[in-house]
file start-v3.csv (CSV, C-alpha atoms)
chain,number,residue,atom,x,y,z
A,1049,MET,CA,127.3,3.6,69.6
A,1050,ASP,CA,131.1,3.6,69.3
A,1051,LYS,CA,131.6,2.2,72.8
A,1052,ASN,CA,133.6,5.3,73.7
A,1053,ASP,CA,131.8,7.4,76.4
A,1054,GLN,CA,134.1,10.3,75.8
A,1055,THR,CA,132.6,11.0,72.3
A,1056,THR,CA,129.2,12.5,71.9
A,1057,CYS,CA,126.8,12.6,68.9
A,1058,PHE,CA,124.7,15.8,68.9
A,1059,ILE,CA,121.4,15.7,67.0
A,1060,ASN,CA,119.6,18.8,66.0
A,1061,GLY,CA,115.9,18.6,66.6
A,1062,ASN,CA,114.1,16.5,69.2
A,1063,THR,CA,113.7,13.1,67.6
A,1064,LEU,CA,116.0,10.2,66.8
A,1065,LEU,CA,114.7,7.2,64.8
A,1066,ILE,CA,116.7,4.0,65.1
A,1067,ASP,CA,116.5,1.3,62.5
A,1068,LEU,CA,117.7,-2.1,64.0
A,1069,GLY,CA,117.9,-3.6,60.5
A,1070,GLU,CA,115.5,-6.4,61.3
A,1071,GLU,CA,112.7,-7.1,63.7
A,1072,ARG,CA,113.9,-8.0,67.2
A,1073,THR,CA,112.4,-8.4,70.7
A,1074,ILE,CA,113.0,-5.2,72.6
A,1075,THR,CA,112.9,-4.9,76.4
A,1076,SER,CA,115.0,-1.8,77.2
A,1077,PHE,CA,116.5,1.4,76.0
A,1078,HIS,CA,119.7,2.9,77.5
A,1079,TYR,CA,121.0,6.4,77.2
A,1080,LEU,CA,124.3,7.8,78.3
A,1081,PRO,CA,124.4,11.6,78.1
A,1082,ASP,CA,127.3,13.8,77.1
A,1083,GLN,CA,130.2,13.0,79.5
A,1084,SER,CA,132.2,16.1,78.8
A,1085,GLU,CA,132.8,18.7,81.5
A,1086,TYR,CA,129.8,20.8,80.2
A,1087,ASN,CA,127.2,17.9,79.8
A,1088,LYS,CA,125.6,19.5,76.7
A,1089,GLY,CA,122.3,18.3,75.3
A,1090,LEU,CA,120.9,16.7,78.3
A,1091,ILE,CA,117.4,15.2,77.8
A,1092,ALA,CA,115.2,16.0,80.8
A,1093,ALA,CA,111.9,14.3,79.6
A,1094,TYR,CA,111.3,11.8,76.9
A,1095,GLU,CA,109.0,9.6,74.9
A,1096,ILE,CA,110.2,6.3,73.5
A,1097,SER,CA,108.0,4.6,70.8
A,1098,VAL,CA,108.7,1.0,69.9
A,1099,GLY,CA,107.4,-0.8,66.9
A,1100,MET,CA,104.4,-0.1,64.6
A,1101,ASP,CA,101.9,-0.1,67.5
A,1102,SER,CA,103.3,3.1,68.9
A,1103,ASN,CA,104.0,1.5,72.2
A,1104,ALA,CA,105.4,4.4,74.2
A,1105,ALA,CA,107.2,5.0,77.4
A,1106,LYS,CA,106.9,8.6,78.7
A,1107,ASP,CA,108.8,9.9,81.7
A,1108,GLU,CA,111.7,12.0,82.8
A,1109,PHE,CA,115.4,11.3,83.6
A,1110,SER,CA,115.3,12.4,87.2
A,1111,ASN,CA,118.3,14.4,88.5
A,1112,ILE,CA,120.1,14.1,85.2
A,1113,LYS,CA,121.5,17.6,85.4
A,1114,SER,CA,123.3,16.9,88.6
A,1115,ASN,CA,124.0,13.2,87.9
A,1116,PRO,CA,124.5,12.6,84.1
A,1117,ILE,CA,124.9,8.8,84.3
A,1118,LEU,CA,123.6,5.9,82.2
A,1119,GLN,CA,119.8,6.1,82.1
A,1120,SER,CA,117.8,2.9,81.4
A,1121,VAL,CA,114.1,2.5,80.4
A,1122,TYR,CA,112.5,-0.9,80.7
A,1123,PHE,CA,109.2,-1.9,79.1
A,1124,THR,CA,107.1,-5.0,78.3
A,1125,PRO,CA,108.9,-7.0,75.6
A,1126,VAL,CA,107.8,-6.1,72.1
A,1127,LYS,CA,108.9,-7.1,68.6
A,1128,ALA,CA,110.1,-4.1,66.6
A,1129,ARG,CA,112.5,-3.0,63.9
A,1130,TYR,CA,112.3,0.7,64.8
A,1131,ILE,CA,112.7,2.7,68.0
A,1132,GLN,CA,112.0,6.4,68.2
A,1133,LEU,CA,113.4,8.6,71.0
A,1134,LYS,CA,111.8,12.0,71.3
A,1135,ALA,CA,113.1,14.6,73.8
A,1136,THR,CA,109.9,16.3,75.1
A,1137,ARG,CA,112.0,18.6,77.3
A,1138,MET,CA,115.7,19.5,77.4
A,1139,ILE,CA,117.6,20.8,80.4
A,1140,HIS,CA,118.6,23.8,78.3
A,1141,ASP,CA,116.0,24.7,75.7
A,1142,GLY,CA,117.4,24.9,72.1
A,1143,GLU,CA,120.4,22.6,72.6
A,1144,PRO,CA,120.7,19.6,70.4
A,1145,MET,CA,120.3,16.2,72.0
A,1146,GLY,CA,123.7,14.9,73.2
A,1147,LEU,CA,124.2,11.1,73.1
A,1148,ALA,CA,127.5,9.6,74.3
A,1149,GLU,CA,126.1,6.1,73.9
A,1150,ILE,CA,122.7,4.4,73.3
A,1151,GLY,CA,121.9,0.8,73.8
A,1152,ILE,CA,118.9,-1.4,72.9
A,1153,GLN,CA,118.2,-4.8,74.4

call {"tool": "encode", "arguments": {"input": "start-v3.csv", "output": "structure tokens"}}
result
Amino acid sequence: MDKNDQTTCFINGNTLLIDLGEERTITSFHYLPDQSEYNKGLIAAYEISVGMDSNAAKDEFSNIKSNPILQSVYFTPVKARYIQLKATRMIHDGEPMGLAEIGIQ
């Protein structure tokens, strides 16, 4: 989260665990995919787990291949310190996850 949408972090594997440092009330997760010409590492389908109760949001980022814009996932507010993003399907199998920016509110 360097606030520069022209840089991308690539993560090998299909899971990212985010430690917020302290427990917070979480209501949304935001994902901006790689913004380069090649849009590498696009996540097609996901599972987001929030907190110790394994509250999960499962869905897909519709049309992300043709329109790789900011994707937002909203859920019932929950107190949590940890959020886990799991890519359950990538646009191109075997690519690392490409994250230009992520946001948690």

call {"tool": "residues_around", "arguments": {"input": "start-v3.csv", "residues": "range 1112-1125 of chain A", "least_positions_apart": "3", "cutoff": "6 Å", "atoms": "only C-alpha atoms", "output": "PyMOL selection string"}}
result
chain A and resi 1074-1080+1109

call {"tool": "atom_distance", "arguments": {"input": "start-v3.csv", "atom1": "CA of Glu1070 in chain A", "atom2": "CA of Leu1147 in chain A"}}
result
22.8 Å

call {"tool": "residues_near_point", "arguments": {"input": "start-v3.csv", "point": "(115.4, 15.7, 82.0)", "cutoff": "8 Å", "atoms": "all atoms listed in the file", "output": "number ranges by chain"}}
result
A: 1090-1094, 1108-1113, 1137-1139

call {"tool": "write_last_selection", "arguments": {"input": "start-v3.csv", "atoms": "C-alpha atoms", "output": "compact mmCIF listing (two decimals), in the coordinates of the input"}}
result
# COMPACT_ATOMS: atom_id res chain seq x y z
CA LEU A 1090 120.90 16.70 78.30
CA ILE A 1091 117.40 15.20 77.80
CA ALA A 1092 115.20 16.00 80.80
CA ALA A 1093 111.90 14.30 79.60
CA TYR A 1094 111.30 11.80 76.90
CA GLU A 1108 111.70 12.00 82.80
CA PHE A 1109 115.40 11.30 83.60
CA SER A 1110 115.30 12.40 87.20
CA ASN A 1111 118.30 14.40 88.50
CA ILE A 1112 120.10 14.10 85.20
CA LYS A 1113 121.50 17.60 85.40
CA ARG A 1137 112.00 18.60 77.30
CA MET A 1138 115.70 19.50 77.40
CA ILE A 1139 117.60 20.80 80.40

call {"tool": "atom_distance", "arguments": {"input": "start-v3.csv", "atom1": "CA of Thr1063 in chain A", "atom2": "CA of Glu1085 in chain A"}}
result
24.3 Å

call {"tool": "atom_distance", "arguments": {"input": "start-v3.csv", "atom1": "CA of Tyr1130 in chain A", "atom2": "CA of Asp1053 in chain A"}}
result
23.7 Å

call {"tool": "residues_around", "arguments": {"input": "start-v3.csv", "residues": "Pro1144 in chain A", "least_positions_apart": "2", "cutoff": "9 Å", "atoms": "all atoms listed in the file", "output": "ChimeraX atom specification"}}
result
/A:1058-1062,1088-1090,1138,1141-1142,1146

call {"tool": "residues_around", "arguments": {"input": "start-v3.csv", "residues": "Leu1068 in chain A", "least_positions_apart": "4", "cutoff": "12 Å", "atoms": "all atoms listed in the file", "output": "ChimeraX atom specification"}}
result
/A:1072-1074,1098-1099,1127-1132,1151-1153

call {"tool": "closest_residue", "arguments": {"input": "start-v3.csv", "among": "A:Ala1104, A:Ala1135, A:Ser1097, A:Asn1087", "to": "Gln1054 in chain A", "atoms": "all atoms listed in the file"}}
result
A:Asn1087

call {"tool": "closest_residue", "arguments": {"input": "start-v3.csv", "among": "A:Ile1096, A:Met1145, A:His1140, A:Lys1106", "to": "Ile1066 in chain A", "atoms": "all atoms listed in the file"}}
result
A:Ile1096

call {"tool": "closest_residue", "arguments": {"input": "start-v3.csv", "among": "A:Met1049, A:Ile1150, A:Met1100, A:Cys1057", "to": "Leu1133 in chain A", "atoms": "only C-alpha atoms"}}
result
A:Ile1150

call {"tool": "residues_around", "arguments": {"input": "start-v3.csv", "residues": "Thr1056 in chain A", "least_positions_apart": "5", "cutoff": "8 Å", "atoms": "only C-alpha atoms", "output": "list in words"}}
result
Pro1081, Asp1082, Gln1083, Gly1146, Leu1147, Ala1148 and Glu1149 of chain A

call {"tool": "axis_aligned_box", "arguments": {"input": "start-v3.csv", "around": "range 1092-1097 of chain A", "padding_each_side": "5 Å", "output": "lines of an AutoDock Vina configuration file"}}
result
center_x = 111.6
center_y = 10.3
center_z = 75.8
size_x = 17.2
size_y = 21.4
size_z = 20.0

call {"tool": "decode", "arguments": {"input": "start-v3.csv", "residues": "range 1066-1089 of chain A", "atoms": "N, CA and C atoms", "output": "PDB file, in the first residue's frame"}}
result
ATOM      1  N   ILE A1066      -2.958 -10.448   6.172  1.00  0.00           N
ATOM      2  CA  ILE A1066      -2.687  -9.055   6.525  1.00  0.00           C
ATOM      3  C   ILE A1066      -2.895  -8.878   8.020  1.00  0.00           C
ATOM      4  N   ASP A1067      -1.866  -8.371   8.710  1.00  0.00           N
ATOM      5  CA  ASP A1067      -1.927  -8.081  10.139  1.00  0.00           C
ATOM      6  C   ASP A1067      -2.112  -6.574  10.278  1.00  0.00           C
ATOM      7  N   LEU A1068      -3.231  -6.164  10.845  1.00  0.00           N
ATOM      8  CA  LEU A1068      -3.524  -4.744  11.013  1.00  0.00           C
ATOM      9  C   LEU A1068      -2.833  -4.144  12.234  1.00  0.00           C
ATOM     10  N   GLY A1069      -2.152  -4.967  13.016  1.00  0.00           N
ATOM     11  CA  GLY A1069      -1.424  -4.483  14.175  1.00  0.00           C
ATOM     12  C   GLY A1069      -2.249  -4.375  15.437  1.00  0.00           C
ATOM     13  N   GLU A1070      -3.539  -4.227  15.286  1.00  0.00           N
ATOM     14  CA  GLU A1070      -4.464  -4.170  16.413  1.00  0.00           C
ATOM     15  C   GLU A1070      -5.859  -4.501  15.901  1.00  0.00           C
ATOM     16  N   GLU A1071      -6.736  -4.852  16.802  1.00  0.00           N
ATOM     17  CA  GLU A1071      -8.103  -5.163  16.418  1.00  0.00           C
ATOM     18  C   GLU A1071      -8.829  -3.888  15.996  1.00  0.00           C
ATOM     19  N   ARG A1072      -9.531  -3.973  14.853  1.00  0.00           N
ATOM     20  CA  ARG A1072     -10.299  -2.847  14.317  1.00  0.00           C
ATOM     21  C   ARG A1072     -11.637  -3.361  13.808  1.00  0.00           C
ATOM     22  N   THR A1073     -12.582  -2.477  13.646  1.00  0.00           N
ATOM     23  CA  THR A1073     -13.841  -2.846  13.002  1.00  0.00           C
ATOM     24  C   THR A1073     -13.628  -2.748  11.501  1.00  0.00           C
ATOM     25  N   ILE A1074     -13.879  -3.847  10.802  1.00  0.00           N
ATOM     26  CA  ILE A1074     -13.636  -3.957   9.366  1.00  0.00           C
ATOM     27  C   ILE A1074     -14.979  -4.056   8.654  1.00  0.00           C
ATOM     28  N   THR A1075     -15.140  -3.268   7.573  1.00  0.00           N
ATOM     29  CA  THR A1075     -16.385  -3.300   6.803  1.00  0.00           C
ATOM     30  C   THR A1075     -16.156  -3.539   5.313  1.00  0.00           C
ATOM     31  N   SER A1076     -14.888  -3.399   4.857  1.00  0.00           N
ATOM     32  CA  SER A1076     -14.655  -3.570   3.424  1.00  0.00           C
ATOM     33  C   SER A1076     -13.190  -3.882   3.124  1.00  0.00           C
ATOM     34  N   PHE A1077     -12.996  -4.496   1.963  1.00  0.00           N
ATOM     35  CA  PHE A1077     -11.664  -4.815   1.435  1.00  0.00           C
ATOM     36  C   PHE A1077     -11.623  -4.299   0.004  1.00  0.00           C
ATOM     37  N   HIS A1078     -10.533  -3.637  -0.366  1.00  0.00           N
ATOM     38  CA  HIS A1078     -10.390  -3.060  -1.700  1.00  0.00           C
ATOM     39  C   HIS A1078      -9.106  -3.574  -2.348  1.00  0.00           C
ATOM     40  N   TYR A1079      -9.207  -3.947  -3.619  1.00  0.00           N
ATOM     41  CA  TYR A1079      -8.103  -4.541  -4.369  1.00  0.00           C
ATOM     42  C   TYR A1079      -7.972  -3.855  -5.722  1.00  0.00           C
ATOM     43  N   LEU A1080      -6.803  -3.265  -5.962  1.00  0.00           N
ATOM     44  CA  LEU A1080      -6.497  -2.703  -7.267  1.00  0.00           C
ATOM     45  C   LEU A1080      -5.479  -3.632  -7.914  1.00  0.00           C
ATOM     46  N   PRO A1081      -5.827  -4.269  -9.028  1.00  0.00           N
ATOM     47  CA  PRO A1081      -4.901  -5.187  -9.685  1.00  0.00           C
ATOM     48  C   PRO A1081      -3.763  -4.442 -10.379  1.00  0.00           C
ATOM     49  N   ASP A1082      -2.803  -5.203 -10.853  1.00  0.00           N
ATOM     50  CA  ASP A1082      -1.672  -4.662 -11.606  1.00  0.00           C
ATOM     51  C   ASP A1082      -2.193  -3.736 -12.702  1.00  0.00           C
ATOM     52  N   GLN A1083      -1.634  -2.532 -12.767  1.00  0.00           N
ATOM     53  CA  GLN A1083      -2.084  -1.533 -13.735  1.00  0.00           C
ATOM     54  C   GLN A1083      -1.145  -1.396 -14.927  1.00  0.00           C
ATOM     55  N   SER A1084      -0.160  -2.287 -15.031  1.00  0.00           N
ATOM     56  CA  SER A1084       0.745  -2.222 -16.174  1.00  0.00           C
ATOM     57  C   SER A1084       0.007  -2.647 -17.447  1.00  0.00           C
ATOM     58  N   GLU A1085       0.653  -2.478 -18.545  1.00  0.00           N
ATOM     59  CA  GLU A1085       0.065  -2.830 -19.839  1.00  0.00           C
ATOM     60  C   GLU A1085      -0.364  -4.295 -19.898  1.00  0.00           C
ATOM     61  N   TYR A1086       0.322  -5.161 -19.148  1.00  0.00           N
ATOM     62  CA  TYR A1086       0.075  -6.603 -19.235  1.00  0.00           C
ATOM     63  C   TYR A1086      -0.878  -7.127 -18.163  1.00  0.00           C
ATOM     64  N   ASN A1087      -1.196  -6.341 -17.160  1.00  0.00           N
ATOM     65  CA  ASN A1087      -2.123  -6.743 -16.091  1.00  0.00           C
ATOM     66  C   ASN A1087      -1.829  -8.152 -15.581  1.00  0.00           C
ATOM     67  N   LYS A1088      -0.642  -8.355 -15.064  1.00  0.00           N
ATOM     68  CA  LYS A1088      -0.245  -9.674 -14.560  1.00  0.00           C
ATOM     69  C   LYS A1088      -0.874  -9.955 -13.204  1.00  0.00           C
ATOM     70  N   GLY A1089      -1.114 -11.219 -12.945  1.00  0.00           N
ATOM     71  CA  GLY A1089      -1.559 -11.666 -11.632  1.00  0.00           C
ATOM     72  C   GLY A1089      -2.970 -11.290 -11.252  1.00  0.00           C
TER      73      GLY A1089
END
